[in-house]
>>> print(open('upload_13.pdb').read())   # PDB, C-alpha atoms
ATOM      1  CA  MET A  20      52.728 -25.381 -17.836
ATOM      2  CA  LYS A  21      49.501 -24.100 -19.254
ATOM      3  CA  ASP A  22      51.058 -20.658 -19.834
ATOM      4  CA  ARG A  23      53.610 -21.976 -22.264
ATOM      5  CA  PHE A  24      52.859 -22.150 -25.943
ATOM      6  CA  ARG A  25      53.479 -25.225 -27.879
ATOM      7  CA  VAL A  26      55.292 -24.929 -31.238
ATOM      8  CA  GLN A  27      52.186 -26.011 -33.063
ATOM      9  CA  ASP A  28      50.056 -23.219 -31.464
ATOM     10  CA  VAL A  29      52.608 -20.556 -32.367
ATOM     11  CA  ASP A  30      52.723 -21.784 -35.974
ATOM     12  CA  ILE A  31      48.927 -21.630 -36.257
ATOM     13  CA  VAL A  32      48.830 -18.025 -34.980
ATOM     14  CA  ALA A  33      51.646 -17.042 -37.355
ATOM     15  CA  GLU A  34      49.847 -18.683 -40.296
ATOM     16  CA  ARG A  35      46.633 -16.857 -39.474
ATOM     17  CA  ARG A  36      48.555 -13.580 -39.296
ATOM     18  CA  LYS A  37      50.162 -14.262 -42.699
ATOM     19  CA  ARG A  38      46.795 -15.069 -44.281
ATOM     20  CA  ARG A  39      45.274 -11.898 -42.836
ATOM     21  CA  ARG A  40      48.187  -9.828 -44.194
ATOM     22  CA  LYS A  41      47.782 -11.405 -47.643
ATOM     23  CA  LYS A  42      44.057 -10.644 -47.647
ATOM     24  CA  ILE A  43      44.696  -7.043 -46.634
ATOM     25  CA  THR A  44      47.470  -6.672 -49.221
ATOM     26  CA  TRP A  45      45.347  -8.098 -52.049
ATOM     27  CA  SER A  46      42.361  -5.958 -51.096
ATOM     28  CA  MET A  47      44.598  -2.849 -51.095
ATOM     29  CA  ILE A  48      46.009  -3.790 -54.513
ATOM     30  CA  GLY A  49      42.492  -4.379 -55.856
ATOM     31  CA  THR A  50      41.320  -1.039 -54.463
ATOM     32  CA  ALA A  51      44.302   0.719 -56.061
ATOM     33  CA  ILE A  52      43.605  -0.911 -59.445
ATOM     34  CA  ILE A  53      39.917   0.030 -59.330
ATOM     35  CA  THR A  54      40.804   3.592 -58.313
ATOM     36  CA  MET A  55      43.342   3.919 -61.145
ATOM     37  CA  ALA A  56      40.848   2.525 -63.671
ATOM     38  CA  ALA A  57      38.176   4.964 -62.489
ATOM     39  CA  ALA A  58      40.616   7.901 -62.650
ATOM     40  CA  ALA A  59      41.741   6.883 -66.148
ATOM     41  CA  GLY A  60      38.122   6.545 -67.266
ATOM     42  CA  TRP A  61      37.301   9.983 -65.871
ATOM     43  CA  TYR A  62      40.387  11.522 -67.480
ATOM     44  CA  LEU A  63      39.756   9.998 -70.898
ATOM     45  CA  THR A  64      36.085  10.996 -71.153
ATOM     46  CA  PRO A  65      35.428  14.402 -72.689
ATOM     47  CA  PRO A  66      34.583  17.130 -70.198
ATOM     48  CA  ALA A  67      31.054  18.485 -69.853
ATOM     49  CA  MET A  68      30.068  21.655 -71.721
ATOM     50  CA  PRO A  69      30.446  24.702 -69.504
ATOM     51  CA  GLU A  70      27.237  26.520 -68.631
ATOM     52  CA  THR A  71      28.759  29.575 -66.950
ATOM     53  CA  ILE A  72      31.903  31.584 -67.546
ATOM     54  CA  GLU A  73      33.349  30.269 -64.256
ATOM     55  CA  GLU A  74      32.846  26.683 -65.439
ATOM     56  CA  ALA A  75      34.485  27.678 -68.711
ATOM     57  CA  ARG A  76      37.411  29.134 -66.829
ATOM     58  CA  LEU A  77      37.841  25.927 -64.811
ATOM     59  CA  LEU A  78      37.506  23.829 -67.968
ATOM     60  CA  VAL A  79      40.179  25.770 -69.857
ATOM     61  CA  ASN A  80      42.589  25.340 -66.942
ATOM     62  CA  SER A  81      42.006  21.571 -66.664
ATOM     63  CA  LEU A  82      44.230  18.777 -67.932
ATOM     64  CA  ARG A  83      41.247  17.154 -69.621
ATOM     65  CA  PHE A  84      40.847  20.211 -71.876
ATOM     66  CA  ASP A  85      44.585  20.388 -72.601
ATOM     67  CA  ARG A  86      44.704  16.847 -73.929
ATOM     68  CA  LEU A  87      41.901  17.446 -76.460
ATOM     69  CA  SER A  88      42.779  17.961 -80.112
ATOM     70  CA  LYS A  89      41.980  21.236 -81.864
ATOM     71  CA  GLN A  90      38.948  19.677 -83.530
ATOM     72  CA  ALA A  91      37.667  18.319 -80.218
ATOM     73  CA  LYS A  92      38.184  21.716 -78.540
ATOM     74  CA  GLN A  93      36.165  23.551 -81.189
ATOM     75  CA  PRO A  94      32.640  22.994 -79.736
ATOM     76  CA  TYR A  95      33.893  24.034 -76.301
ATOM     77  CA  LEU A  96      35.524  27.158 -77.723
ATOM     78  CA  ASP A  97      32.299  28.080 -79.529
ATOM     79  CA  VAL A  98      30.286  27.832 -76.302
ATOM     80  CA  ILE A  99      32.942  29.735 -74.341
ATOM     81  CA  ARG A 100      33.077  32.463 -77.007
ATOM     82  CA  GLU A 101      29.302  32.937 -76.775
ATOM     83  CA  GLN A 102      29.449  33.142 -72.984
ATOM     84  CA  TYR A 103      32.409  35.503 -73.135
ATOM     85  CA  GLY A 104      30.612  37.714 -75.649
ATOM     86  CA  SER A 105      27.579  38.028 -73.377
ATOM     87  CA  LEU A 106      29.688  39.646 -70.634
ATOM     88  CA  ASP A 107      30.098  43.396 -70.362
ATOM     89  CA  HIS A 108      33.348  44.986 -71.512
ATOM     90  CA  ASP A 109      34.817  45.511 -68.013
ATOM     91  CA  GLU A 110      34.198  41.881 -67.037
ATOM     92  CA  ARG A 111      35.816  40.626 -70.255
ATOM     93  CA  GLN A 112      38.820  42.887 -69.642
ATOM     94  CA  ARG A 113      39.161  41.593 -66.071
ATOM     95  CA  LEU A 114      39.030  37.965 -67.233
ATOM     96  CA  ARG A 115      41.601  38.634 -69.954
ATOM     97  CA  GLU A 116      43.986  40.121 -67.420
ATOM     98  CA  GLU A 117      43.450  37.433 -64.771
ATOM     99  CA  ASP A 118      43.444  34.188 -66.717
ATOM    100  CA  GLU A 119      46.064  33.601 -69.394
ATOM    101  CA  LYS A 120      44.682  30.224 -70.494
ATOM    102  CA  LEU A 121      41.191  31.657 -70.927
ATOM    103  CA  ARG A 122      42.676  34.547 -72.920
ATOM    104  CA  ASP A 123      44.502  32.055 -75.166
ATOM    105  CA  ALA A 124      41.316  30.004 -75.616
ATOM    106  CA  MET A 125      39.404  33.142 -76.590
ATOM    107  CA  ARG A 126      42.123  34.058 -79.085
ATOM    108  CA  ASP A 127      41.965  30.552 -80.584
ATOM    109  CA  ALA A 128      38.182  30.779 -80.864
ATOM    110  CA  ARG A 129      38.395  34.195 -82.542
ATOM    111  CA  ASN A 130      41.077  32.939 -84.927
ATOM    112  CA  ILE A 131      38.911  29.988 -85.923
ATOM    113  CA  GLN A 132      35.941  32.281 -86.480
ATOM    114  CA  PHE A 133      38.146  34.733 -88.382
ATOM    115  CA  ARG A 134      39.551  31.951 -90.535
ATOM    116  CA  ALA A 135      36.043  30.786 -91.421
ATOM    117  CA  MET A 136      35.167  34.349 -92.378
ATOM    118  CA  LEU A 137      38.307  34.661 -94.512
ATOM    119  CA  VAL A 138      37.625  31.378 -96.277
ATOM    120  CA  GLY A 139      34.104  32.586 -97.008
ATOM    121  CA  LEU A 140      35.564  35.867 -98.234
ATOM    122  CA  ALA A 141      38.010  34.074-100.513
ATOM    123  CA  GLU A 142      35.240  31.963-102.029
ATOM    124  CA  MET A 143      32.982  34.957-102.785
ATOM    125  CA  ASP A 144      32.841  36.550-106.189
ATOM    126  CA  PRO A 145      34.343  40.094-106.349
ATOM    127  CA  ASP A 146      30.976  41.889-106.195
ATOM    128  CA  GLN A 147      29.871  40.061-103.065
ATOM    129  CA  ARG A 148      33.293  40.636-101.504
ATOM    130  CA  ALA A 149      33.151  44.378-102.195
ATOM    131  CA  GLU A 150      29.653  44.566-100.699
ATOM    132  CA  MET A 151      30.780  42.715 -97.587
ATOM    133  CA  MET A 152      33.855  44.903 -97.171
ATOM    134  CA  GLN A 153      31.687  48.058 -97.392
ATOM    135  CA  ARG A 154      29.646  46.872 -94.422
ATOM    136  CA  PHE A 155      32.731  47.079 -92.217
ATOM    137  CA  GLY A 156      33.165  50.790 -92.925
ATOM    138  CA  PRO A 157      36.285  52.769 -92.128
ATOM    139  CA  PRO A 158      38.333  51.537 -89.185
ATOM    140  CA  ARG A 159      37.554  53.173 -85.840
ATOM    141  CA  ARG A 160      40.611  54.067 -83.801
ATOM    142  CA  PRO A 161      40.434  55.539 -80.308
ATOM    143  CA  GLU A 162      42.634  58.491 -79.411
ATOM    144  CA  ARG A 163      45.778  57.303 -77.647
ATOM    145  CA  THR A 164      48.564  58.953 -75.724
ATOM    146  CA  PRO A 165      52.106  58.552 -77.112
ATOM    147  CA  GLU A 166      52.877  55.989 -74.375
ATOM    148  CA  GLU A 167      49.809  53.935 -75.271
ATOM    149  CA  GLU A 168      50.690  54.218 -78.960
ATOM    150  CA  ALA A 169      54.245  52.971 -78.253
ATOM    151  CA  GLU A 170      52.873  50.100 -76.159
ATOM    152  CA  GLN A 171      50.365  49.159 -78.890
ATOM    153  CA  SER A 172      53.109  49.344 -81.507
ATOM    154  CA  GLU A 173      55.336  47.059 -79.420
ATOM    155  CA  ARG A 174      52.494  44.542 -78.918
ATOM    156  CA  LEU A 175      51.780  44.578 -82.661
ATOM    157  CA  ARG A 176      55.461  44.099 -83.465
ATOM    158  CA  ASN A 177      55.671  41.139 -81.065
ATOM    159  CA  PHE A 178      52.444  39.665 -82.455
ATOM    160  CA  ILE A 179      53.637  39.914 -86.050
ATOM    161  CA  GLY A 180      57.024  38.466 -85.150
ATOM    162  CA  ASP A 181      55.329  35.570 -83.394
ATOM    163  CA  ARG A 182      52.974  35.006 -86.358
ATOM    164  CA  VAL A 183      55.887  34.924 -88.777
ATOM    165  CA  ALA A 184      57.930  32.577 -86.579
ATOM    166  CA  ASN A 185      55.176  30.261 -85.351
ATOM    167  CA  GLY A 186      52.055  31.074 -87.342
ATOM    168  CA  ASP A 187      50.101  29.171 -89.897
ATOM    169  CA  SER A 188      51.288  30.208 -93.362
ATOM    170  CA  GLN A 189      47.898  29.542 -94.935
ATOM    171  CA  MET A 190      46.182  31.757 -92.360
ATOM    172  CA  ASN A 191      48.801  34.462 -92.887
ATOM    173  CA  GLN A 192      48.163  34.368 -96.643
ATOM    174  CA  LEU A 193      44.404  34.621 -96.111
ATOM    175  CA  MET A 194      44.886  37.636 -93.838
ATOM    176  CA  ARG A 195      47.257  39.251 -96.334
ATOM    177  CA  GLU A 196      44.672  38.807 -99.101
ATOM    178  CA  MET A 197      41.912  40.294 -96.964
ATOM    179  CA  PHE A 198      43.991  43.334 -96.018
ATOM    180  CA  SER A 199      45.151  43.904 -99.591
ATOM    181  CA  GLN A 200      41.498  43.738-100.720
ATOM    182  CA  ARG A 201      40.643  46.278 -98.036
ATOM    183  CA  ARG A 202      43.458  48.620 -99.170
ATOM    184  CA  ARG A 203      42.320  48.358-102.793
ATOM    185  CA  GLN A 204      38.764  49.161-101.765
ATOM    186  CA  ASN A 205      39.882  52.183 -99.698
ATOM    187  CA  ALA A 206      42.049  53.405-102.585
ATOM    188  CA  ASN A 207      39.021  53.329-104.927
ATOM    189  CA  ARG A 208      36.946  55.574-102.611
TER     190      ARG A 208
END
>>> encode(input="upload_13.pdb", output="structure tokens")
Amino acid sequence: MKDRFRVQDVDIVAERRKRRRKKITWSMIGTAIITMAAAAGWYLTPPAMPETIEEARLLVNSLRFDRLSKQAKQPYLDVIREQYGSLDHDERQRLREEDEKLRDAMRDARNIQFRAMLVGLAEMDPDQRAEMMQRFGPPRRPERTPEEEAEQSERLRNFIGDRVANGDSQMNQLMREMFSQRRRQNANR
């Protein structure tokens, strides 16, 4: 008779099992909530400034960088542009070919720098503008084969089409003004 359980003993064991399951369930829920809060906190904090070009490459490909606004991306793009500029030409070319997001970030950084230069150019008086334009000198163009020329022409056509369809009209007007100023200056030579 000692081997048989009484109803009361079975109920006590079942109650203990239920309490243990509840404790485990609540601790798992609490752990999940803490983990989600930590992940959200990490995601919402701005990323660290990259110190190497590899860190910059990882940063540009991250979701944390994608969610930043253009104004928030600006300091990162400035640092990345400086790092990118310190590389030799072959390394820059390799990075441009390998990483599309890094190439786009570099283009955005150059456009921002170019826009700042154009705004400064637009605010200059004509004498200062002419002096600045003379510093650039005549354009330097490398010799190209007909195939390379056709490829460059196609890229330029696609770029201009994209700028017209999706570009910033104010930026396009600034560029048009700069190029017309350059043509006028070359015509006066």
>>> atom_distance(input="upload_13.pdb", atom1="atom CA of A:Leu78", atom2="atom CA of A:Gln112")
19.2 Å
>>> resolve_selection(input="upload_13.pdb", expression="the PyMOL selection byres ((chain A and resi 120) around 12)", output="PyMOL selection string")
chain A and resi 75-82+84-85+114-119+121-127
>>> residues_around(input="upload_13.pdb", residues="A:Met190", least_positions_apart="6", cutoff="10 Å", atoms="only C-alpha atoms", output="NGL selection string")
:A and (130-131 or 133-134 or 137-138 or 182 or 196)
>>> write_last_selection(input="upload_13.pdb", atoms="C-alpha atoms", output="PDB file, in the coordinates of the input")
ATOM      1  CA  ASN A 130      41.077  32.939 -84.927  1.00  0.00           C
ATOM      2  CA  ILE A 131      38.911  29.988 -85.923  1.00  0.00           C
ATOM      3  CA  PHE A 133      38.146  34.733 -88.382  1.00  0.00           C
ATOM      4  CA  ARG A 134      39.551  31.951 -90.535  1.00  0.00           C
ATOM      5  CA  LEU A 137      38.307  34.661 -94.512  1.00  0.00           C
ATOM      6  CA  VAL A 138      37.625  31.378 -96.277  1.00  0.00           C
ATOM      7  CA  ARG A 182      52.974  35.006 -86.358  1.00  0.00           C
ATOM      8  CA  GLU A 196      44.672  38.807 -99.101  1.00  0.00           C
TER       9      GLU A 196
END
>>> atom_distance(input="upload_13.pdb", atom1="atom CA of A:Ser105", atom2="atom CA of A:Glu70")
12.5 Å
>>> atom_distance(input="upload_13.pdb", atom1="atom CA of A:Gln102", atom2="atom CA of A:Arg148")
29.7 Å
>>> axis_aligned_box(input="upload_13.pdb", around="stretch 186-192 of chain A", padding_each_side="4 Å", output="JSON")
{"center_x": 49.1, "center_y": 31.8, "center_z": -92.0, "size_x": 13.9, "size_y": 13.3, "size_z": 17.3}
>>> closest_residue(input="upload_13.pdb", among="A:Lys92, A:Arg83, A:Lys42, A:Arg36", to="A:Ala59", atoms="all atoms listed in the file")
A:Arg83
>>> closest_residue(input="upload_13.pdb", among="A:Tyr95, A:Tyr103, A:Phe198, A:Trp45", to="A:Ile72", atoms="all atoms listed in the file")
A:Tyr103
>>> closest_residue(input="upload_13.pdb", among="A:Glu142, A:Asp109, A:Glu173, A:Glu101", to="A:Arg129", atoms="all atoms listed in the file")
A:Glu101
>>> closest_residue(input="upload_13.pdb", among="A:Ser46, A:Gln200, A:Gln93, A:Asn191", to="A:Leu140", atoms="all atoms listed in the file")
A:Gln200
>>> closest_residue(input="upload_13.pdb", among="A:Gly186, A:Val98, A:Gln204, A:Gln171", to="A:Asp146", atoms="only C-alpha atoms")
A:Gln204
